[in-house]
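Comments concern the structure below.
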Amino acid sequence: MPLFLLSPDLSAHQIIKSSSDILFCVKIVTRNKDFYAEEYKVELWTNLSATFEWISCAFIYFPLEQQHKLVIFTTHLPSHDYEYTLRYRKITDNHWTWLGIPDNNGHIHILPRAAIEKPYEPFTQHPSLECSVTEYSNVHLSHIKTQSNEPNLITIHCSPNPSQYVTALVPKGSCWLTPLPTQLQNNSQKWQLCTYQDNMGHFHLWIVVGQSSWLLPGPHTLTYHFTQDVRSHLVILSSTHFSLLFPTALHYIFNHIIHSVSANRQLPPSFLLHKLGYCTWNALGRTLDEDNLLQLVNALPFPIGYVILDDGWQSVIENQMESYEASLPKFPLGLKHTVSLLKSTNPTLHVGVWHTLWGYWNGIHPSLGTQYGYKPVTDINHATIGLIDHPREFYHHFYQYLHEAGIDFVKVDNQGAFEDILIQNKSEVGSEYRQAMMDQADTYFNGNIIHCMSFTPSILFNPVLSLHTTSIFRNSDDYFPDEEDSHTWHIYTNAINSLLLSQYPVVPDWDMFQSLHSFAEDLHIKVCTQHQYPSRALSGGPIYLTDKLGCHDIQLVKRLIALTREDGYCILRYNQSPKITMDTLFGNPMERSSLTSFYNWHEERSSMNATYITIGFWNTGPNIKLGLISNRIVEVYFPMIAYVLTGPEQGRLLIHMNSSLSNPYSFFAGVLVSDYGSSLVCLCPIRSIHSLSVACLGLIHKYNSVIPIVETSLIVKEDNIVYEAHLSHRSSSCAFWISSNTISRVLLDQQVIEYIWSADTHILNVNMMNTTSSNNKGDYVIQIEFYLYYD
């Protein structure tokens with residue numbers, strides 16, 4: 001039996017502005033080679049009518065895209081909550097088959113035509129609140145400050161109500177914030193921030209600035225809890241454009257509350273963002289020693305630019321750091337000797353070490369700490385933590401020693417744990433440690449740090465960052481490869497958390513991952529592992545593996561890197577965090593077993609500023625799904641071609657998207673996403689002259705195929721037309737979509753080369769590895785020459 005997939009599916013709850021189009025797509029999946037989709041009649045059964053009566057709306061079949069599409073215009077529809085389902089039958093059969101079950105319908109809320117366009121306060125003022133209001137362009141901001149004589153909780157009534165899910169960030173211990181998609185109802189979770197869309201179509205963001213304050217939800221209310229003797233702040237923003245909320249909020253907080261260093265400074269990239277890396281943790285854990293480290297790193301079948309010696313290298317007594325030197329039973333000739341051995345076989349390798357902010361998990365041992373004013377304290381678990389009075393002197397000596405041993409960077413863990421110790425001024429002590437660590441890291445490592453276990457209010461709202469390089473900042477809790485349910489959750493968490501962290505002058509780090517598990521015979525785990533790759537590719541952050549010895553999927557690793565002229569193999573990385581779709585943010589895909597989706601973008605350096613987009617879909621459930629690509633997700637200002645990079649339809653051209661309003665069916669298409677799998681699609685701008693149109697698809701065997709595209713042009717010359725593409729990386733498959741085969745020849749670095757042309761897909765493929773050019777600097781240049789024909 002064929003499988004009919006609908007997008008948006010029957011678990012969706014859409015909010016549509018009045019006069020906007022509603023887009024639906026159906027894909028029929030079957031293994032029957034003799035199946036013809038055009039033999040089926042497909043209809044939406046819905047009450048999307050002016051009288052709310054249930055009607056049928058027929059889909060149109062598009063054979064080139066092999067999918068059915070439907071556009072419903074809403075200009076005649078009043079504001080209302082509508083429903084829909086799907087039915088289908090063979091044209092030769094009168095019996096309808098229904099996609100869902102009774103009362104299991106999709107929902108659409110159409111906003112009022114006269115919806116309030118100006119942002120407004122989404123709450124009822126409380127008489128004891130000190131509230132200042134700032135009006136920005138299309139953003140209303142309320143800043144609530146607490147006074148010492150106020151009660152320690154105030155209940156605020158929200159108006160109007162959220163239309164669907166609220167997405168909150170809640171503490172997970174003292175070191176992390178994690179997403180909580182929920183309803184505005186009684187809940188014991190403490191919210192640090194929340195965002196939602198109301199039933200008037202406006203978006204709202206509530207942020208509590210401070211560690212000792214939070215929001216507690218109730219029916220139509222949020223109760224603001226705070227400590228009386230600590231000044232607390234609640235910032236509430238409203239806008240008709242969601243994209244304005246987080247940038248405006250953090251700009252205000254940086255400038256009016258915490259007075260942070262500007263978040264807009266431009267800093268040089270770290271080597272951690274340029275090369276593929278490796279971390280020892282999942283592979284070796286605390287069994288790490290010189291022998292197994294050298295054996296593992298030297299056996300890696302892919303090139304790396306840095307290695308992190310994670311937990312297990314230090315000299316420890318009673319869970320406390322007792323020396324700068326490595327554990328001598330594990331590293332008999334010391335850390336410097338091990339580093340020199342690592343670099344002897346790879347002179348360009350950078351080596352980093354892990355430690356916690358206060359030394360080791362329980363701090364510093366008295367034998368080391370006495371010279372710095374040893375001061376033991378107790379934490380909430382009744383453990384003794386060895387602190388010191390002079391962290392600046394400690395970090396000066398510690399990092400000087402590491403630098404002299406050949407260490408190039410550090411990973412600093414457990415940074416938020418100062419909130420767990422039982423002293424009065426714990427936040428100030430934690431800030432003193434972080435400042436000392438950062439200052440000395442700037443001196444000895446040029447600021448190259450991976451900040452870990454620091455995604456927490458005490459640090460986010462008191463940021464201490466390097467002045468030498470771009471700080472790398474862990475964006476979520478750890479990646480747990482052996483926990484099946486954690487894979488999809490880890491990707492979803494990072495996508496949500498990026499909303500906040502992308503506003504800081506840091507690069508979000510989505511954590512290490514394994515390319516292949518030793519128990520890869522578990523198909524579910526293998527699939528989950530494989531879709532970690534494209535999520536890291538789109539993250540805009542560093543990419544580093546933690547493979548066990550001999551457990552590698554080299555073909556997948558190769559999709560993350562490509563060869564450059566001057567620096568060997570480098571990762572293909574976006575320069576910013578991805579943007580998530582509204583259905584991911586407000587649709588609770590984890591509970592619905594639906595799709596988590598986000599996208600990233602790359603611009604050419606030319607003045608025309610052509611933009612390339614890669615959008616990814618990650619299936620959180622056990623059933624195949626249909627992802628929807630549309631101009632509602634990504635704004636299209638010029639013609640683009642969509643090409644499937646990964647997933648069940650890999651290698652297919654999906655759609656020729658056009659910004660023209662003349663054909664709404666060219667705005668969208670569906671892409672299949674396998675169960676617990678992922679699909680990536682790149683959207684590439686089309687350049688046209690006369691009847692000739694060309695688009696560079698980039699290195700199509702890579703996840704980030706479009707990153708190497710530096711600039712393109714299509715120019716009419718005296719005797720031909722030339723399409724020229726400059727690329728920063730090369731691979732065996734650089735592809736171009738061309739509207740017609742009028743190609744005369746193809747050149748790579750001014751040398752004529754062979755190419756492969758597909759008449760079915762109109763894709764030209766060039767093997768860039770065939771170049772014999774001696775040039776070792778600058779871009780690779782591909783020129784496609786066309787015969788000069790006029791219409």
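Ordering of the structure tokens sets the chain letters (A, B, ...), residue numbers begin anew at 1 in every chain, and ligands are numbered from 1 in the order given.
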Within 10 Å of A:Trp601, counting only C-alpha atoms, which residues qualify if same-chain residues fewer than 4 places away don't, as a PyMOL selection string? chain A and resi 538+540+574-579+611-615+634+682-683+704+706-707
Output N, CA, C and O atoms of each residue in that selection to a file, as a JSON list (two decimals), in the first residue's frame.
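File part-v4.json, as written:
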```
[["chain", "number", "residue", "atom", "x", "y", "z"],
["A", 538, "LEU", "N", 25.50, 22.58, 10.29],
["A", 538, "LEU", "CA", 24.71, 23.81, 10.24],
["A", 538, "LEU", "C", 24.86, 24.67, 11.48],
["A", 538, "LEU", "O", 24.38, 25.80, 11.52],
["A", 540, "GLY", "N", 27.34, 26.30, 12.85],
["A", 540, "GLY", "CA", 28.21, 27.47, 12.84],
["A", 540, "GLY", "C", 29.32, 27.39, 13.86],
["A", 540, "GLY", "O", 30.06, 28.36, 14.04],
["A", 574, "TYR", "N", 29.60, 27.60, 8.70],
["A", 574, "TYR", "CA", 28.89, 28.87, 8.56],
["A", 574, "TYR", "C", 29.42, 29.88, 9.58],
["A", 574, "TYR", "O", 29.96, 29.50, 10.63],
["A", 575, "ASN", "N", 29.27, 31.16, 9.29],
["A", 575, "ASN", "CA", 29.81, 32.21, 10.15],
["A", 575, "ASN", "C", 28.85, 32.67, 11.23],
["A", 575, "ASN", "O", 29.16, 33.61, 11.96],
["A", 576, "GLN", "N", 27.69, 32.04, 11.35],
["A", 576, "GLN", "CA", 26.72, 32.45, 12.36],
["A", 576, "GLN", "C", 25.89, 31.25, 12.79],
["A", 576, "GLN", "O", 25.93, 30.19, 12.16],
["A", 577, "SER", "N", 25.17, 31.43, 13.89],
["A", 577, "SER", "CA", 24.27, 30.38, 14.37],
["A", 577, "SER", "C", 23.09, 30.25, 13.41],
["A", 577, "SER", "O", 22.71, 31.21, 12.74],
["A", 578, "PRO", "N", 22.48, 29.06, 13.35],
["A", 578, "PRO", "CA", 21.32, 28.88, 12.48],
["A", 578, "PRO", "C", 20.08, 29.55, 13.04],
["A", 578, "PRO", "O", 20.03, 29.93, 14.21],
["A", 579, "LYS", "N", 19.07, 29.70, 12.19],
["A", 579, "LYS", "CA", 17.77, 30.20, 12.61],
["A", 579, "LYS", "C", 16.78, 29.05, 12.61],
["A", 579, "LYS", "O", 16.76, 28.24, 11.67],
["A", 611, "THR", "N", 22.74, 35.13, -1.91],
["A", 611, "THR", "CA", 22.64, 34.37, -0.67],
["A", 611, "THR", "C", 22.29, 32.91, -0.96],
["A", 611, "THR", "O", 21.37, 32.63, -1.74],
["A", 612, "TYR", "N", 23.01, 32.00, -0.33],
["A", 612, "TYR", "CA", 22.76, 30.56, -0.40],
["A", 612, "TYR", "C", 22.22, 30.11, 0.95],
["A", 612, "TYR", "O", 22.69, 30.56, 2.00],
["A", 613, "ILE", "N", 21.27, 29.20, 0.93],
["A", 613, "ILE", "CA", 20.62, 28.76, 2.17],
["A", 613, "ILE", "C", 20.65, 27.24, 2.23],
["A", 613, "ILE", "O", 20.39, 26.56, 1.22],
["A", 614, "THR", "N", 20.97, 26.70, 3.40],
["A", 614, "THR", "CA", 20.84, 25.27, 3.63],
["A", 614, "THR", "C", 19.86, 25.07, 4.78],
["A", 614, "THR", "O", 20.08, 25.59, 5.87],
["A", 615, "ILE", "N", 18.80, 24.33, 4.52],
["A", 615, "ILE", "CA", 17.79, 24.06, 5.54],
["A", 615, "ILE", "C", 17.81, 22.58, 5.88],
["A", 615, "ILE", "O", 17.96, 21.73, 4.99],
["A", 634, "VAL", "N", 12.04, 30.71, 4.53],
["A", 634, "VAL", "CA", 13.19, 31.50, 4.08],
["A", 634, "VAL", "C", 12.69, 32.50, 3.03],
["A", 634, "VAL", "O", 11.99, 32.14, 2.10],
["A", 682, "CYS", "N", 19.78, 22.45, -0.06],
["A", 682, "CYS", "CA", 20.39, 23.75, -0.30],
["A", 682, "CYS", "C", 19.59, 24.51, -1.35],
["A", 682, "CYS", "O", 19.08, 23.94, -2.31],
["A", 683, "LEU", "N", 19.44, 25.81, -1.12],
["A", 683, "LEU", "CA", 18.77, 26.71, -2.05],
["A", 683, "LEU", "C", 19.83, 27.63, -2.64],
["A", 683, "LEU", "O", 20.52, 28.34, -1.91],
["A", 704, "ASN", "N", 27.74, 21.01, 3.96],
["A", 704, "ASN", "CA", 27.68, 22.44, 3.69],
["A", 704, "ASN", "C", 28.22, 22.71, 2.30],
["A", 704, "ASN", "O", 29.27, 23.34, 2.12],
["A", 706, "VAL", "N", 27.50, 24.69, -0.06],
["A", 706, "VAL", "CA", 27.57, 26.04, -0.63],
["A", 706, "VAL", "C", 28.62, 26.92, 0.04],
["A", 706, "VAL", "O", 28.93, 28.01, -0.47],
["A", 707, "ILE", "N", 29.18, 26.49, 1.18],
["A", 707, "ILE", "CA", 30.16, 27.32, 1.90],
["A", 707, "ILE", "C", 31.35, 27.71, 1.02],
["A", 707, "ILE", "O", 31.83, 28.85, 1.07]]
```
Test item: residues at most 12 Å from A:Glu318, only C-alpha atoms, excluding those fewer than 3 positions along its chain, as JSON, numbers by chain: {"A": [315, 321, 322, 360, 361, 362, 363, 364, 365, 366, 367, 383, 384, 385, 386]}
Within 8 Å of A:Ile496, counting only C-alpha atoms, which residues show up once you throw out same-chain ones fewer than 5 positions away? Write them as a PyMOL selection string, please. chain A and resi 179+580+585
Can those selected residues be exported to a file as a JSON list (two decimals), in the first residue's frame so that it contains all heavy atoms?
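Saved to result.json:
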```json
[["chain", "number", "residue", "atom", "x", "y", "z"],
["A", 179, "PRO", "N", 15.60, 23.61, 27.21],
["A", 179, "PRO", "CA", 14.26, 24.02, 26.76],
["A", 179, "PRO", "C", 13.15, 23.22, 27.44],
["A", 179, "PRO", "O", 13.31, 22.04, 27.77],
["A", 179, "PRO", "CB", 14.28, 23.73, 25.26],
["A", 179, "PRO", "CG", 15.70, 23.51, 24.90],
["A", 179, "PRO", "CD", 16.38, 23.01, 26.12],
["A", 580, "ILE", "N", 15.95, 28.97, 13.64],
["A", 580, "ILE", "CA", 14.98, 27.89, 13.71],
["A", 580, "ILE", "C", 13.65, 28.33, 13.12],
["A", 580, "ILE", "O", 13.33, 29.52, 13.07],
["A", 580, "ILE", "CB", 14.79, 27.38, 15.16],
["A", 580, "ILE", "CG1", 14.17, 28.48, 16.05],
["A", 580, "ILE", "CG2", 16.08, 26.90, 15.75],
["A", 580, "ILE", "CD1", 13.79, 27.97, 17.41],
["A", 585, "LEU", "N", 9.99, 26.09, 17.08],
["A", 585, "LEU", "CA", 9.99, 26.88, 18.31],
["A", 585, "LEU", "C", 8.69, 26.73, 19.09],
["A", 585, "LEU", "O", 8.70, 26.53, 20.31],
["A", 585, "LEU", "CB", 10.23, 28.35, 17.98],
["A", 585, "LEU", "CG", 10.25, 29.32, 19.16],
["A", 585, "LEU", "CD1", 11.30, 28.93, 20.19],
["A", 585, "LEU", "CD2", 10.48, 30.74, 18.66]]
```
For A:Leu309, the nearest of the candidates A:His259, A:Lys411, A:His396, A:His726, counting only C-alpha atoms: A:Lys411
My list of candidates is A:Phe398, A:Tyr372, A:Phe736, A:Tyr165. Which is closest to A:Arg592 when distances are computed with only C-alpha atoms?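 Comparing A:Phe398, A:Tyr372, A:Phe736, A:Tyr165 against A:Arg592, the winner is A:Tyr165.
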Which residue, A:Ala441, A:Leu628, A:Leu177, A:Ile257, has the smallest gap to A:Gly416 when you use only C-alpha atoms? A:Leu177
Residue list (helix (DSSP H, G or I), DSSP) for stretch 575-665 of chain A, as a PyMOL selection string: chain A and resi 582-586+589-592+664-665
Non-local contacts of A:Thr146 (7 Å; only C-alpha atoms; under 3 positions in same chain excluded) as an MDAnalysis selection string: chainID A and resid 129:130 150 231:233
Name the closest residue to A:Phe586 among the candidates A:Asn32, A:Ser327, A:Thr167, A:Thr97; distances are taken between atoms, counting only C-alpha atoms.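 Closest to A:Phe586, using only C-alpha atoms: A:Thr167.
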Among the residues of stretch 287-397 of chain A, find those DSSP assigns to strand (DSSP E) from the backbone and print them as a PyMOL selection string. chain A and resi 306-309+314-317+320-326+350-356+374-378+384-388
Okay, now the selection with N, CA, C and O atoms, as a short mmCIF file (atom, residue, chain, number, x, y, z; two decimals), in the first residue's frame?
```
data_model
loop_
_atom_site.label_atom_id
_atom_site.label_comp_id
_atom_site.auth_asym_id
_atom_site.auth_seq_id
_atom_site.Cartn_x
_atom_site.Cartn_y
_atom_site.Cartn_z
N TYR A 306 43.44 19.76 15.87
CA TYR A 306 43.65 19.92 17.31
C TYR A 306 43.11 18.69 18.04
O TYR A 306 42.25 17.96 17.53
N VAL A 307 43.65 18.47 19.23
CA VAL A 307 43.20 17.37 20.08
C VAL A 307 43.02 17.91 21.50
O VAL A 307 43.83 18.72 21.97
N ILE A 308 41.95 17.48 22.17
CA ILE A 308 41.66 17.88 23.54
C ILE A 308 41.92 16.69 24.46
O ILE A 308 41.29 15.64 24.32
N LEU A 309 42.85 16.85 25.40
CA LEU A 309 43.04 15.86 26.46
C LEU A 309 42.01 16.17 27.54
O LEU A 309 42.18 17.11 28.32
N GLN A 314 45.03 14.77 34.59
CA GLN A 314 45.60 15.51 35.71
C GLN A 314 46.06 14.61 36.86
O GLN A 314 45.61 13.47 37.02
N SER A 315 46.90 15.19 37.69
CA SER A 315 47.32 14.55 38.93
C SER A 315 46.32 14.93 40.02
O SER A 315 46.16 16.11 40.35
N VAL A 316 45.61 13.92 40.56
CA VAL A 316 44.46 14.16 41.43
C VAL A 316 44.59 13.35 42.71
O VAL A 316 44.99 12.18 42.69
N ILE A 317 44.23 13.97 43.85
CA ILE A 317 44.10 13.29 45.14
C ILE A 317 42.73 13.65 45.71
O ILE A 317 42.37 14.82 45.79
N GLN A 320 40.62 16.08 43.95
CA GLN A 320 41.12 17.45 43.92
C GLN A 320 42.44 17.51 43.17
O GLN A 320 43.26 16.58 43.22
N MET A 321 42.68 18.60 42.49
CA MET A 321 43.91 18.82 41.72
C MET A 321 45.07 19.04 42.69
O MET A 321 45.02 19.92 43.54
N GLU A 322 46.13 18.26 42.51
CA GLU A 322 47.24 18.38 43.46
C GLU A 322 48.55 18.80 42.79
O GLU A 322 49.57 18.96 43.47
N SER A 323 48.53 19.05 41.46
CA SER A 323 49.75 19.48 40.78
C SER A 323 49.38 20.05 39.42
O SER A 323 48.35 19.70 38.84
N TYR A 324 50.24 20.94 38.90
CA TYR A 324 50.08 21.41 37.52
C TYR A 324 50.42 20.29 36.54
O TYR A 324 49.89 20.24 35.44
N GLU A 325 51.33 19.42 36.96
CA GLU A 325 51.85 18.37 36.10
C GLU A 325 50.78 17.30 35.86
O GLU A 325 49.84 17.14 36.64
N ALA A 326 50.94 16.60 34.75
CA ALA A 326 50.05 15.48 34.47
C ALA A 326 50.31 14.35 35.46
O ALA A 326 51.34 14.30 36.14
N HIS A 350 47.43 21.38 17.16
CA HIS A 350 47.27 22.14 18.40
C HIS A 350 46.77 21.18 19.48
O HIS A 350 45.90 20.35 19.22
N VAL A 351 47.31 21.33 20.68
CA VAL A 351 46.95 20.44 21.78
C VAL A 351 46.35 21.28 22.92
O VAL A 351 46.91 22.31 23.31
N GLY A 352 45.22 20.81 23.43
CA GLY A 352 44.56 21.48 24.54
C GLY A 352 44.29 20.52 25.68
O GLY A 352 44.30 19.30 25.48
N VAL A 353 44.08 21.07 26.88
CA VAL A 353 43.76 20.22 28.03
C VAL A 353 42.49 20.74 28.71
O VAL A 353 42.14 21.90 28.62
N TRP A 354 41.85 19.82 29.40
CA TRP A 354 40.61 20.08 30.13
C TRP A 354 40.94 20.31 31.60
O TRP A 354 41.86 19.72 32.16
N HIS A 355 40.16 21.17 32.25
CA HIS A 355 40.16 21.26 33.72
C HIS A 355 38.88 21.97 34.12
O HIS A 355 38.19 22.59 33.29
N THR A 356 38.51 21.91 35.38
CA THR A 356 37.36 22.67 35.85
C THR A 356 37.81 24.05 36.28
O THR A 356 39.01 24.30 36.48
N TYR A 374 44.61 28.63 50.67
CA TYR A 374 43.63 27.53 50.61
C TYR A 374 42.44 27.80 51.54
O TYR A 374 42.62 28.18 52.69
N LYS A 375 41.23 27.62 51.00
CA LYS A 375 40.02 27.90 51.77
C LYS A 375 38.95 26.87 51.42
O LYS A 375 38.24 27.00 50.42
N PRO A 376 38.82 25.80 52.20
CA PRO A 376 37.81 24.78 51.90
C PRO A 376 36.40 25.29 52.21
O PRO A 376 36.19 25.99 53.20
N VAL A 377 35.46 24.95 51.33
CA VAL A 377 34.05 25.29 51.54
C VAL A 377 33.23 24.03 51.29
O VAL A 377 33.73 23.02 50.79
N THR A 378 31.94 24.10 51.63
CA THR A 378 31.03 22.96 51.45
C THR A 378 30.02 23.30 50.38
O THR A 378 29.55 24.45 50.28
N THR A 384 33.43 18.64 50.22
CA THR A 384 34.40 19.71 50.49
C THR A 384 35.04 20.15 49.18
O THR A 384 35.61 19.33 48.45
N ILE A 385 34.93 21.45 48.88
CA ILE A 385 35.49 22.02 47.67
C ILE A 385 36.68 22.89 48.05
O ILE A 385 36.56 23.81 48.86
N GLY A 386 37.84 22.61 47.47
CA GLY A 386 39.05 23.36 47.79
C GLY A 386 39.16 24.62 46.95
O GLY A 386 39.56 24.57 45.79
N LEU A 387 38.78 25.77 47.56
CA LEU A 387 38.92 27.06 46.88
C LEU A 387 40.20 27.75 47.37
O LEU A 387 40.84 27.31 48.32
N ILE A 388 40.54 28.85 46.73
CA ILE A 388 41.72 29.63 47.10
C ILE A 388 41.36 31.10 47.10
O ILE A 388 40.43 31.54 46.40
#
```
Neighbours of A:Gly647 within 8 Å (only C-alpha atoms; same-chain residues fewer than 6 positions away dropped), as a tab-separated table (two decimals) with C-alpha atoms, in the first residue's frame?
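Writing done, so here's result37.tsv:
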```
chain	number	residue	atom	x	y	z
A	672	LEU	CA	11.15	13.25	2.67
A	673	VAL	CA	12.75	12.75	6.09
A	674	SER	CA	13.29	9.16	7.25
A	677	GLY	CA	16.82	10.59	10.26
A	678	SER	CA	17.54	13.92	8.66
A	679	SER	CA	17.47	15.68	5.30
A	680	LEU	CA	19.41	18.71	4.11
```
Work out how far atom CA of A:Asp477 is from atom CA of A:Leu222, in Å to one decimal.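 Separation between atom CA of A:Leu222 and atom CA of A:Asp477: 26.4 Å.
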Among A:Pro162, A:Pro589, A:Gly670, A:Pro329, A:Leu70 is approached most closely, using only C-alpha atoms, by A:Gly670
Which residue gives the smallest distance to A:Pro534 among A:Pro481, A:Pro463, A:Gly568, A:Gly616, with only C-alpha atoms counted? A:Gly616
Hey, what's within 8 Å of A:Ile756 if we count only C-alpha atoms and toss same-chain stuff fewer than 4 positions away? As a count of residues only, please? 3
Might you pull out every residue within 10 Å of A:Leu244, with only C-alpha atoms counted and same-chain residues fewer than 3 positions away left off, and present them as number ranges by chain? A: 136-139, 203, 237-241, 247-249
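Straight-line separation from atom CA of A:Ser56 to atom CA of A:Gly627: 23.3 Å.
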Please report the interatomic distance between atom CA of A:Cys25 and atom CA of A:Ile55 in Å with one decimal. 17.8 Å
